[in-house]
Structure formats: C-alpha cells, structure tokens
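For reference, upload24.txt (compact mmCIF, C-alpha atoms (C1' of nucleotides)):
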# COMPACT_ATOMS: atom_id res chain seq x y z
CA MET A 330 111.85 101.71 98.38
CA PHE A 331 110.73 105.34 98.32
CA PHE A 332 107.19 106.00 99.45
CA SER A 333 106.11 102.58 98.17
CA ARG A 334 103.54 102.30 100.92
CA THR A 335 102.19 105.76 100.24
CA PHE A 336 101.99 105.33 96.47
CA ALA A 337 100.16 102.06 97.01
CA ALA A 338 97.78 103.76 99.42
CA LEU A 339 97.10 106.55 96.91
CA ALA A 340 96.39 104.11 94.09
CA ASP A 341 93.00 102.91 95.32
CA PRO A 342 89.90 104.86 94.21
CA ASN A 343 88.03 104.28 97.48
CA ARG A 344 90.99 105.60 99.45
CA GLN A 345 91.21 108.61 97.16
CA SER A 346 87.55 109.21 97.87
CA ILE A 347 88.27 109.09 101.60
CA LEU A 348 91.03 111.66 101.20
CA GLN A 349 88.67 113.88 99.22
CA THR A 350 86.15 113.70 102.04
CA LEU A 351 88.79 114.57 104.62
CA LYS A 352 89.87 117.58 102.59
CA LYS A 353 86.84 119.37 104.00
CA GLY A 354 88.05 118.70 107.54
CA GLU A 355 88.18 115.88 110.02
CA ALA A 356 85.34 113.39 109.96
CA PRO A 357 84.12 110.29 111.79
CA VAL A 358 83.81 107.02 109.92
CA ALA A 359 80.06 107.42 109.41
CA ILE A 360 80.61 110.58 107.39
CA ILE A 361 83.41 109.03 105.40
CA ALA A 362 81.11 106.10 104.66
CA GLU A 363 78.46 108.34 103.11
CA ASN A 364 80.50 108.67 99.93
CA LEU A 365 81.36 104.99 99.61
CA GLN A 366 79.34 101.90 98.73
CA ILE A 367 81.42 99.44 100.68
CA SER A 368 81.04 97.93 104.14
CA LEU A 369 82.27 99.62 107.30
CA ALA A 370 84.73 96.80 107.79
CA THR A 371 86.30 97.51 104.43
CA ILE A 372 86.40 101.22 105.18
CA SER A 373 88.20 100.47 108.43
CA HIS A 374 90.69 98.46 106.45
CA HIS A 375 91.27 101.34 104.02
CA LEU A 376 91.65 103.78 106.89
CA ASP A 377 94.25 101.51 108.41
CA ILE A 378 96.20 101.51 105.15
CA LEU A 379 95.98 105.30 104.90
CA LYS A 380 97.15 105.56 108.49
CA ARG A 381 100.12 103.27 107.98
CA ALA A 382 101.01 105.34 104.92
CA ASP A 383 100.91 108.42 107.17
CA LEU A 384 98.26 110.00 104.99
CA VAL A 385 95.76 110.33 107.82
CA SER A 386 95.73 110.40 111.59
CA SER A 387 92.90 109.72 114.00
CA ARG A 388 91.63 110.64 117.42
CA ARG A 389 88.82 109.19 119.46
CA SER A 390 86.08 111.41 120.84
CA GLY A 391 83.51 109.46 122.76
CA ARG A 392 82.25 106.63 120.62
CA GLN A 393 83.44 108.15 117.41
CA ILE A 394 86.86 108.13 115.84
CA PHE A 395 87.68 111.20 113.84
CA TYR A 396 90.05 110.96 110.92
CA ASN A 397 92.20 113.75 109.69
CA LEU A 398 94.25 114.47 106.59
CA ASN A 399 97.98 114.51 106.99
CA MET A 400 99.43 116.69 104.30
CA SER A 401 103.11 116.40 105.06
CA VAL A 402 103.66 113.13 103.24
CA MET A 403 101.95 114.43 100.12
CA GLU A 404 104.22 117.43 100.27
CA GLU A 405 107.22 115.17 100.58
CA ILE A 406 106.12 113.12 97.60
CA SER A 407 105.46 116.20 95.53
CA GLU A 408 108.93 117.48 96.36
CA ALA A 409 110.56 114.12 95.71
CA LEU A 410 108.89 113.91 92.29
CA LEU A 411 110.00 117.42 91.37
CA LYS A 412 113.49 116.65 92.55
CA PHE A 413 113.50 113.43 90.56
CA ILE A 414 112.37 115.25 87.45
CA GLY A 415 114.82 118.05 88.01
CA SER A 416 117.77 115.76 88.46
CA LYS A 417 117.22 113.94 85.20
CA LYS A 418 119.96 114.43 82.67
CA THR A 419 118.28 116.10 79.72
CA LYS A 420 119.92 115.24 76.50
CA LYS A 421 121.19 117.95 74.15
CA MET B 152 90.08 107.67 89.89
CA PHE B 153 92.93 110.15 89.62
CA PHE B 154 96.25 108.72 88.52
CA SER B 155 95.37 105.35 90.07
CA ARG B 156 97.33 103.54 87.41
CA THR B 157 100.33 105.80 87.85
CA PHE B 158 100.35 105.61 91.64
CA ALA B 159 100.13 101.84 91.40
CA ALA B 160 103.00 101.82 88.92
CA LEU B 161 105.12 103.98 91.21
CA ALA B 162 104.46 101.77 94.23
CA ASP B 163 106.66 98.86 93.17
CA PRO B 164 110.34 98.93 94.21
CA ASN B 165 111.54 97.19 91.04
CA ARG B 166 109.72 99.73 88.91
CA GLN B 167 111.20 102.55 90.95
CA SER B 168 114.59 101.05 90.29
CA ILE B 169 113.85 101.04 86.57
CA LEU B 170 112.89 104.72 86.71
CA GLN B 171 116.12 105.48 88.57
CA THR B 172 118.09 103.76 85.84
CA LEU B 173 116.29 105.70 83.14
CA LYS B 174 117.01 108.98 84.89
CA LYS B 175 120.50 108.75 83.44
CA GLY B 176 119.05 108.57 79.95
CA GLU B 177 117.40 106.07 77.67
CA ALA B 178 118.48 102.46 78.01
CA PRO B 179 117.82 99.06 76.45
CA VAL B 180 116.36 96.29 78.57
CA ALA B 181 119.75 94.64 79.14
CA ILE B 182 121.02 97.77 80.91
CA ILE B 183 117.84 98.11 82.93
CA ALA B 184 118.23 94.47 83.94
CA GLU B 185 121.69 95.06 85.40
CA ASN B 186 120.20 96.66 88.49
CA LEU B 187 117.52 94.05 89.05
CA GLN B 188 117.58 90.44 90.21
CA ILE B 189 114.47 89.32 88.41
CA SER B 190 113.92 87.58 85.08
CA LEU B 191 113.73 89.41 81.76
CA ALA B 192 110.13 88.32 81.41
CA THR B 193 109.24 90.01 84.67
CA ILE B 194 111.14 93.13 83.65
CA SER B 195 109.16 93.22 80.41
CA HIS B 196 106.01 93.01 82.46
CA HIS B 197 107.12 95.93 84.66
CA LEU B 198 108.06 97.97 81.60
CA ASP B 199 104.60 97.33 80.21
CA ILE B 200 103.03 98.63 83.39
CA LEU B 201 105.24 101.72 83.37
CA LYS B 202 104.32 102.29 79.74
CA ARG B 203 100.60 101.98 80.35
CA ALA B 204 101.01 104.44 83.22
CA ASP B 205 102.70 106.79 80.75
CA LEU B 206 105.82 106.89 82.87
CA VAL B 207 108.07 105.60 80.10
CA SER B 208 108.07 105.35 76.32
CA SER B 209 110.05 103.08 74.05
CA ARG B 210 111.57 102.93 70.60
CA ARG B 211 113.14 100.05 68.75
CA SER B 212 116.61 100.36 67.31
CA GLY B 213 117.73 97.18 65.60
CA ARG B 214 117.33 94.28 67.96
CA GLN B 215 117.17 96.45 71.03
CA ILE B 216 114.28 98.39 72.49
CA PHE B 217 115.26 101.57 74.24
CA TYR B 218 113.17 102.84 77.10
CA ASN B 219 112.86 106.44 78.06
CA LEU B 220 111.57 108.37 81.04
CA ASN B 221 108.43 110.38 80.55
CA MET B 222 108.44 113.21 83.03
CA SER B 223 105.16 114.89 82.20
CA VAL B 224 102.98 112.55 84.25
CA MET B 225 105.20 112.95 87.29
CA GLU B 226 104.88 116.69 86.86
CA GLU B 227 101.12 116.36 86.67
CA ILE B 228 101.03 114.28 89.82
CA SER B 229 103.26 116.67 91.66
CA GLU B 230 101.00 119.53 90.67
CA ALA B 231 97.84 117.63 91.53
CA LEU B 232 99.21 116.83 94.98
CA LEU B 233 100.17 120.44 95.61
CA LYS B 234 96.78 121.56 94.42
CA PHE B 235 95.08 119.03 96.66
CA ILE B 236 97.10 120.17 99.64
CA GLY B 237 96.51 123.81 98.82
CA SER B 238 92.78 123.41 98.50
CA LYS B 239 92.34 121.83 101.90
CA LYS B 240 90.38 123.90 104.34
CA THR B 241 92.81 124.63 107.14
CA LYS B 242 91.09 125.00 110.44
CA LYS B 243 91.49 128.15 112.50
C1' DT C 1419 118.17 80.74 55.01
C1' DT C 1420 119.99 79.38 59.30
C1' DG C 1421 121.58 80.71 63.75
C1' DA C 1422 122.22 84.01 67.35
C1' DT C 1423 120.54 87.86 70.01
C1' DA C 1424 116.99 91.00 72.28
C1' DA C 1425 112.82 91.28 73.92
C1' DT C 1426 107.88 90.05 74.53
C1' DT C 1427 104.04 86.90 75.25
C1' DA C 1428 101.84 82.67 77.17
C1' DG C 1429 100.77 79.93 80.86
C1' DA C 1430 101.30 78.65 85.62
C1' DT C 1431 101.70 79.75 90.49
C1' DA C 1432 102.27 81.99 94.84
C1' DT C 1433 101.45 86.11 97.36
C1' DA C 1434 98.93 90.34 98.19
C1' DT C 1435 94.78 93.03 98.23
C1' DA C 1436 89.87 94.28 98.47
C1' DT C 1437 85.86 92.76 99.97
C1' DC C 1438 82.26 90.56 102.77
C1' DT C 1439 79.76 88.77 107.18
C1' DA C 1440 80.21 87.77 111.90
C1' DA C 1441 82.40 88.55 116.20
C1' DT C 1442 84.72 91.68 119.28
C1' DT C 1443 86.09 96.03 121.67
C1' DA C 1444 85.19 100.61 123.47
C1' DT C 1445 82.18 104.03 124.96
C1' DA C 1446 77.98 106.20 126.47
C1' DT C 1447 73.49 106.06 128.55
C1' DA C 1448 69.08 104.28 130.50
C1' DT D 57 74.65 96.70 134.88
C1' DA D 58 72.39 95.93 130.51
C1' DT D 59 71.76 97.86 126.01
C1' DA D 60 72.77 100.58 122.05
C1' DT D 61 76.13 102.76 119.12
C1' DA D 62 80.69 103.35 116.62
C1' DA D 63 84.26 101.26 115.02
C1' DT D 64 87.77 97.54 114.59
C1' DT D 65 89.33 92.79 114.19
C1' DA D 66 88.87 87.90 112.63
C1' DG D 67 88.19 84.73 109.18
C1' DA D 68 86.91 83.61 104.53
C1' DT D 69 87.04 84.38 99.58
C1' DA D 70 87.67 86.23 95.04
C1' DT D 71 90.54 89.06 92.24
C1' DA D 72 94.90 91.25 91.13
C1' DT D 73 99.84 91.28 91.02
C1' DA D 74 104.64 89.68 90.80
C1' DT D 75 107.18 86.14 89.51
C1' DC D 76 109.00 82.14 86.99
C1' DT D 77 110.08 78.94 82.77
C1' DA D 78 109.07 78.00 78.13
C1' DA D 79 107.58 79.50 73.73
C1' DT D 80 107.27 83.14 70.35
C1' DT D 81 108.46 87.34 67.61
C1' DA D 82 111.69 90.54 65.53
C1' DT D 83 116.04 91.67 63.88
C1' DC D 84 120.69 91.05 62.37
C1' DA D 85 124.61 88.58 60.41
C1' DA D 86 127.08 84.56 58.62
In structure tokens, what does this structure look like?
Amino acid sequence: MFFSRTFAALADPNRQSILQTLKKGEAPVAIIAENLQISLATISHHLDILKRADLVSSRRSGRQIFYNLNMSVMEEISEALLKFIGSKKTKK
Amino acid sequence: MFFSRTFAALADPNRQSILQTLKKGEAPVAIIAENLQISLATISHHLDILKRADLVSSRRSGRQIFYNLNMSVMEEISEALLKFIGSKKTKK
DNA sequence: TTGATAATTAGATATATATCTAATTATATA
DNA sequence: TATATAATTAGATATATATCTAATTATCAA
C-alpha cells in the first residue's frame, strides 16, 4: 500500500548504514563498503533495493558508480506519518 | 539499528490496513478483521508484530481484546527522518 | 459446570529476503 | 588488444516472514 517498499528498505540495518554513509555526500561503492562487513555483491543488492525504493540515485563516472541520497521520499514519509497522526480521532 | 522493527512493521499492507482501522478509535479484533481477507490467526500474528513495534497497545474487556493506536513511535520516526534529512550536508 | 464466543498459540508450509561465491559487464589503461 | 579495476548479475542457500488449519486459553452465560 503506502510506501511499503520504502518502509521495507528502511528496515534493514545494513541499508540504514548505507544511508548514513551517503548523508556525508555521494560515494562510490568502495566507500560505502568500508562501513559494512558484507560482500560487494550483497551491497549491490542493497543498493538496488534502496534505488527501487527511491531512497538513492546513482551516476556512473568512469569505472565507479556514485550513489546519492534522495531525500524527497523521506520527506514524503515524514509528512504522511504526521498527517496520519494528525487525522486520528482523539477521544474526549 | 534505528526503528528497524517499526519500519518492518509498517512495511506490510495488511498491517497498514489495521493501523488505518485503528485511526478511527480502538477496536476489537472482529472489527479489525472486517477490512482484511486473512484468517484470525494471521491477524493475531500481525497485531503481535505491531505491538512489539510499539505501534499499538491492547486491553481486554470481557471476551474481547481492544487494540489501540500508539502515535508516539510514529512521531519519533517522523522526527528522526526530518532530523536525518536536515543533517545532510547539502552540496554547494 | 457445560457450551459458546473471542482471541491467541502451535505447528506446518510456501514465499521472500539476505547472504555468499563465481561469472559477467563496463570502463580505463598499458 | 589484453589486463586490471569497479561494480552488477546469476545461481545457490539459509533464515525470516506471511499464511493456513487445528488446538488452546480466557471469559461469559445458561
């Protein structure tokens, strides 16, 4: 339903770690990998999930692929949560 | 890491549907079940997950158990997301 | 106390996810 | 063009998750 893919993407600790790394600015996979103890193949897989959740984007530069944070979806989720909370009928 | 359990809980469409139902106020399982096409056992399982993610609470009244939305965690997540976004180094 | 009702728990299963190693693709450079 | 580098894709596997039916627990009412 709403943001299912994004919530699922945000639920994994390794993916959260990737997002933390990207907070400092765009980075190639090698840099992202420095903070993780999993294989490059698995990191690629996580990056794919983050991409399909619209949480990151990527661009190739030479042999490297740089990943970038995409903040708009997080904003949308934050807003949706606040709206959800706000719309709740509060009892007496 | 951060809110992993809650993000995972929010990722499932049936659980989202449960939260939507509870937005109108507390409800027993039978009412929650009206909007879902899955067994009561599975609904119990989803309610357990929502409870362990602190998204709902419950109280027994006679033979029924009433479930209730817990908004504080959603607030926390919303804030954490905004903080995360805000703390990102924006380039030039 | 017996039976009915409301919900959870147990046990099984099918699907999804995270992970790995090995193979492949894309790019740069000697 | 051959080789090295950066990353992804393929294929396999183990674990987690969603789901079901059947059994159990808790409560109420006859």
Using all atoms listed in the file and a cut-off of 9 Å, which residues of chain D sit close to chain A? Please list them as a compact mmCIF listing (two decimals) with C-alpha atoms (C1' of nucleotides), in the frame of the given file.
# COMPACT_ATOMS: atom_id res chain seq x y z
C1' DT D 61 76.13 102.76 119.12
C1' DA D 62 80.69 103.35 116.62
C1' DA D 63 84.26 101.26 115.02
C1' DT D 64 87.77 97.54 114.59
C1' DT D 65 89.33 92.79 114.19
Inset, instruction - Excluding stretch 1427-1434 of chain C and residues on its chain fewer than 3 positions from it, collect all residues at most 9 Å away from it, counting only C-alpha atoms (C1' of nucleotides), and give them as a PyMOL selection string. - result: (chain B and resi 192) or (chain D and resi 72-76+78-81)
Suppose we keep C-alpha atoms (C1' of nucleotides); can you now write the selection as a compact mmCIF listing (two decimals), in the coordinates of the input?
# COMPACT_ATOMS: atom_id res chain seq x y z
CA ALA B 192 110.13 88.32 81.41
C1' DA D 72 94.90 91.25 91.13
C1' DT D 73 99.84 91.28 91.02
C1' DA D 74 104.64 89.68 90.80
C1' DT D 75 107.18 86.14 89.51
C1' DC D 76 109.00 82.14 86.99
C1' DA D 78 109.07 78.00 78.13
C1' DA D 79 107.58 79.50 73.73
C1' DT D 80 107.27 83.14 70.35
C1' DT D 81 108.46 87.34 67.61
Inset, instruction - Find the residues of chain A in contact range of chain B, meaning any atom within 10 Å when counting all atoms listed in the file, and list them as a PyMOL selection string. - result: chain A and resi 330-346+348-349+351-355+398-401+403-411+413-420
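Atom CA of B:Ser209 is found 19.9 Å from atom C1' of D:DC84.
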Legend entry - Within 9 Å of chain A: residues of chain C, using all atoms listed in the file, as JSON, numbers by chain: {"C": [1436, 1437, 1438, 1444, 1445, 1446]}
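Picture a line from atom C1' of D:DA82 to atom C1' of C:DA1422; it runs 12.5 Å.
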Legend entry - Between atom CA of B:Gln188 and atom CA of B:Ile169, distance in Å (one decimal): 11.8 Å
